[in-house]
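Chemist: Quick one: structure below, then a few questions.
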Amino acid sequence: MGYTDVLPPQTFAWGESTKASGSFGTIPTETNDSILADFNSIPLIDISAIFSACLSERRAVAAQLREACINVGFFYVKGHGVPQDLVDGVFEWGKKFFDLPFEEKMEVYIDNTPHYRGYTPLYGAGRPDADGKGNANEAFDWGHDPKLTDDPDDTFIDPHMRGSNPWPSALPGFEEHLSEYYCTMRAFCRVLARNVALSLGLDEGHFDSVLTHPGCSALVAHYPPQEKKDGGAVGLSAHTDAEFFTVLAPGSVRALEVLRRDGTWLSAPPQEGTFIINVGDQLQAWSNDLYISTLHRVLNYSGEERYSVPFFFSANFETVIEPIKELITDGHVAKHSPLTAGQMYKETMIGFHKIAETNPELLKYRK
């Protein structure tokens, strides 16, 4: 089962120019076809045992994570323990935000914050399409800041990602719910990170010391329906994520696509009650390319409004990301140069938002 779509121009793979560290993704695409994924191509993993007191049960989950991270870089998870009403609430608040008048949303314009928090308008980010437009989505980003940190010793020493989250004044309750979601997801991801360490053959606590004040971010995104046409607007251009791993609440509309190693695209439809998790650039670098930070994109040809909420889990921003020495094996050499998590994120976002510099309608909102 499948359907045909149109690839955006210039689909990049390894060494995409916007990646400061380079060497992330997979191979160039050779096809316009998108294949509907099943649980053999993108596995569904019950991760409830990561919360077990039994090490053998936690190791059983880790073995499944390892296989998925090596072969695909994406997997569905159930048994995560995050309350569905908390997830649903973020979608509801997101819709309220996107329904605000444009001028009110632009009061928290993302390009007016040095650390890229706030509102990205339609076509305000991403790689330009044939008409010179950016991605056909709008989004609100929020993340680690002095109000959300749970580390009393957090001194915010990273020079790239300092600052606070801007919140819309017209939506009382918006900040509170999104902050609760952020804190819940951060706690869940810390547990999952311990299982990722196990999957790499490391001590469970290997990453604990660099997750004391993780530089996480999240966003709620809105994708209006797109027309399928040559060179037409892309909901989200092909990219990899700069962080440790991403936990996506995909909403109810099928639009996410994942690039396989053979150069074909897999459509990853939502599955009720699950998250979709993918390897990020930090984890690929740490694992010395054992795990894949896979290219993915969004094409919303559903005819429906699509909403999604990715949570990007990161190491502390000042953490130097480089291959873990225990994983440089079998005569291999370190394939990635040292780079801090904060710089990886900041430089990725600079490239992602560069298109706004050529949009006269958006330039007038810059402060």
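In the structure tokens, chains take letters A, B, ... by order of appearance, with residues numbered from 1 within each chain and ligands from 1 in the order shown.
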Neighbouring residues of A:Ala136 were defined as those with any atom within 8 Å, considering only C-alpha atoms; residues of the same chain fewer than 6 positions away were excluded. Please report them as a list of chain:residue names.
Modeler: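 Counting only the stated atoms, we get A:Leu122, A:Tyr123, A:Tyr223, A:Pro224, A:Gln226, A:Ala233, A:Val234, A:Gly235, A:Leu236.
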Chemist: What's around stretch 75-87 of chain A at 9 Å? Count only C-alpha atoms, leave out sequence neighbours fewer than 2 positions away in its own chain, and write the answer as a short mmCIF file (atom, residue, chain, number, x, y, z; two decimals) with N, CA and C atoms, in the first residue's frame.
Modeler:
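That gives us around.cif:
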```cif
data_model
loop_
_atom_site.label_atom_id
_atom_site.label_comp_id
_atom_site.auth_asym_id
_atom_site.auth_seq_id
_atom_site.Cartn_x
_atom_site.Cartn_y
_atom_site.Cartn_z
N PHE A 39 4.85 -2.21 11.29
CA PHE A 39 5.68 -2.38 12.47
C PHE A 39 6.91 -3.24 12.21
N SER A 41 8.83 -2.28 9.51
CA SER A 41 9.73 -1.25 8.98
C SER A 41 10.04 -0.18 10.02
N ILE A 42 9.04 0.22 10.78
CA ILE A 42 9.25 1.12 11.93
C ILE A 42 8.64 0.39 13.13
N PRO A 43 9.45 -0.17 14.01
CA PRO A 43 8.92 -1.05 15.05
C PRO A 43 8.12 -0.33 16.12
N LEU A 44 7.18 -1.05 16.70
CA LEU A 44 6.44 -0.61 17.88
C LEU A 44 7.01 -1.34 19.09
N ILE A 45 7.49 -0.58 20.08
CA ILE A 45 8.14 -1.16 21.25
C ILE A 45 7.35 -0.79 22.51
N ASP A 46 7.00 -1.79 23.29
CA ASP A 46 6.40 -1.56 24.60
C ASP A 46 7.55 -1.29 25.58
N ILE A 47 7.66 -0.04 26.02
CA ILE A 47 8.80 0.33 26.87
C ILE A 47 8.44 0.39 28.35
N SER A 48 7.28 -0.15 28.72
CA SER A 48 6.84 -0.05 30.12
C SER A 48 7.88 -0.63 31.08
N ALA A 49 8.67 -1.61 30.62
CA ALA A 49 9.66 -2.25 31.50
C ALA A 49 10.86 -1.36 31.81
N ILE A 50 11.01 -0.19 31.15
CA ILE A 50 12.12 0.69 31.53
C ILE A 50 11.92 1.23 32.94
N LEU A 65 15.47 -1.39 21.49
CA LEU A 65 15.88 -0.03 21.13
C LEU A 65 17.13 -0.06 20.25
N ALA A 68 16.31 -1.00 16.66
CA ALA A 68 15.60 0.07 15.96
C ALA A 68 16.53 1.24 15.64
N CYS A 69 17.41 1.59 16.58
CA CYS A 69 18.30 2.74 16.39
C CYS A 69 19.37 2.47 15.34
N VAL A 72 16.84 1.73 11.68
CA VAL A 72 15.87 2.70 11.18
C VAL A 72 16.12 4.10 11.73
N GLY A 73 16.42 4.17 13.03
CA GLY A 73 16.55 5.48 13.67
C GLY A 73 15.23 6.04 14.15
N GLY A 89 -4.03 18.18 26.05
CA GLY A 89 -4.11 19.58 26.45
C GLY A 89 -3.15 20.48 25.69
N VAL A 90 -1.97 19.96 25.36
CA VAL A 90 -1.02 20.76 24.58
C VAL A 90 -1.59 21.04 23.20
N PHE A 91 -2.22 20.04 22.59
CA PHE A 91 -2.85 20.25 21.28
C PHE A 91 -3.96 21.30 21.39
N HIS A 177 0.24 25.09 31.26
CA HIS A 177 0.06 23.73 30.74
C HIS A 177 1.27 23.27 29.95
N GLU A 180 4.00 22.32 32.33
CA GLU A 180 3.77 21.02 32.97
C GLU A 180 4.12 19.88 32.01
N TYR A 181 3.75 20.04 30.75
CA TYR A 181 4.09 19.02 29.76
C TYR A 181 5.60 18.89 29.63
N THR A 184 7.06 17.02 32.61
CA THR A 184 6.70 15.60 32.57
C THR A 184 7.52 14.86 31.53
N MET A 185 7.68 15.46 30.36
CA MET A 185 8.45 14.82 29.29
C MET A 185 9.93 14.74 29.64
N PHE A 188 10.37 11.75 31.92
CA PHE A 188 10.26 10.52 31.16
C PHE A 188 11.53 10.28 30.34
N ALA A 249 4.61 13.59 19.75
CA ALA A 249 3.18 13.33 19.81
C ALA A 249 2.63 13.73 18.44
N GLN A 271 -0.29 6.33 15.58
CA GLN A 271 -0.88 5.17 16.23
C GLN A 271 -1.38 5.63 17.60
N GLY A 273 -2.24 6.51 21.20
CA GLY A 273 -1.62 6.22 22.49
C GLY A 273 -0.12 6.05 22.44
N THR A 274 0.49 6.22 21.28
CA THR A 274 1.94 6.04 21.16
C THR A 274 2.64 7.37 20.89
N PHE A 275 3.93 7.39 21.18
CA PHE A 275 4.84 8.42 20.70
C PHE A 275 5.67 7.83 19.57
N ILE A 276 6.19 8.69 18.71
CA ILE A 276 7.19 8.29 17.73
C ILE A 276 8.52 8.88 18.18
N ILE A 277 9.53 8.05 18.31
CA ILE A 277 10.84 8.50 18.82
C ILE A 277 11.88 8.33 17.72
N ASN A 278 12.74 9.32 17.58
CA ASN A 278 13.84 9.20 16.62
C ASN A 278 15.16 9.62 17.23
N VAL A 309 3.31 17.70 18.19
CA VAL A 309 4.08 18.24 19.33
C VAL A 309 5.34 17.41 19.52
#
```
Chemist: Write out as a PyMOL selection string all residues of stretch 292-366 of chain A that DSSP puts in helix (DSSP H, G or I) for this structure's backbone.
Modeler: chain A and resi 325-327+341-352+354-358+360-363
Chemist: Would you save the residues of that selection, restricted to C-alpha atoms, as a PDB file, in the first residue's frame?
Modeler:
```pdb
ATOM      1  CA  LYS A 325      35.597   6.092  23.646  1.00  0.00           C
ATOM      2  CA  GLU A 326      34.099   2.703  24.539  1.00  0.00           C
ATOM      3  CA  LEU A 327      32.168   2.811  21.252  1.00  0.00           C
ATOM      4  CA  ALA A 341      25.120  20.613  22.561  1.00  0.00           C
ATOM      5  CA  GLY A 342      24.268  24.308  22.711  1.00  0.00           C
ATOM      6  CA  GLN A 343      26.256  25.114  19.597  1.00  0.00           C
ATOM      7  CA  MET A 344      24.768  22.163  17.698  1.00  0.00           C
ATOM      8  CA  TYR A 345      21.280  23.414  18.484  1.00  0.00           C
ATOM      9  CA  LYS A 346      21.942  27.120  17.923  1.00  0.00           C
ATOM     10  CA  GLU A 347      23.680  26.703  14.580  1.00  0.00           C
ATOM     11  CA  THR A 348      20.999  24.315  13.363  1.00  0.00           C
ATOM     12  CA  MET A 349      18.324  26.878  14.242  1.00  0.00           C
ATOM     13  CA  ILE A 350      20.249  29.720  12.591  1.00  0.00           C
ATOM     14  CA  GLY A 351      20.281  27.776   9.328  1.00  0.00           C
ATOM     15  CA  PHE A 352      16.660  26.729   9.730  1.00  0.00           C
ATOM     16  CA  LYS A 354      17.712  32.005   7.657  1.00  0.00           C
ATOM     17  CA  ILE A 355      14.962  32.221   5.036  1.00  0.00           C
ATOM     18  CA  ALA A 356      13.157  34.852   7.132  1.00  0.00           C
ATOM     19  CA  GLU A 357      15.989  37.286   6.358  1.00  0.00           C
ATOM     20  CA  THR A 358      14.756  37.531   2.759  1.00  0.00           C
ATOM     21  CA  PRO A 360      10.077  41.587   3.623  1.00  0.00           C
ATOM     22  CA  GLU A 361       6.783  40.828   5.374  1.00  0.00           C
ATOM     23  CA  LEU A 362       8.654  39.265   8.292  1.00  0.00           C
ATOM     24  CA  LEU A 363      11.619  41.651   8.378  1.00  0.00           C
TER      25      LEU A 363
END
```
Chemist: I need the residues in stretch 165-223 of chain A that are strand (DSSP E or B) according to DSSP; give them as a ChimeraX atom specification.
Modeler: /A:217-223
Chemist: Would you work out the distance separating atom CA of A:Thr246 from atom CA of A:Gly280, expressed in Å to one decimal?
Modeler: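 These two atoms are separated by 6.7 Å.
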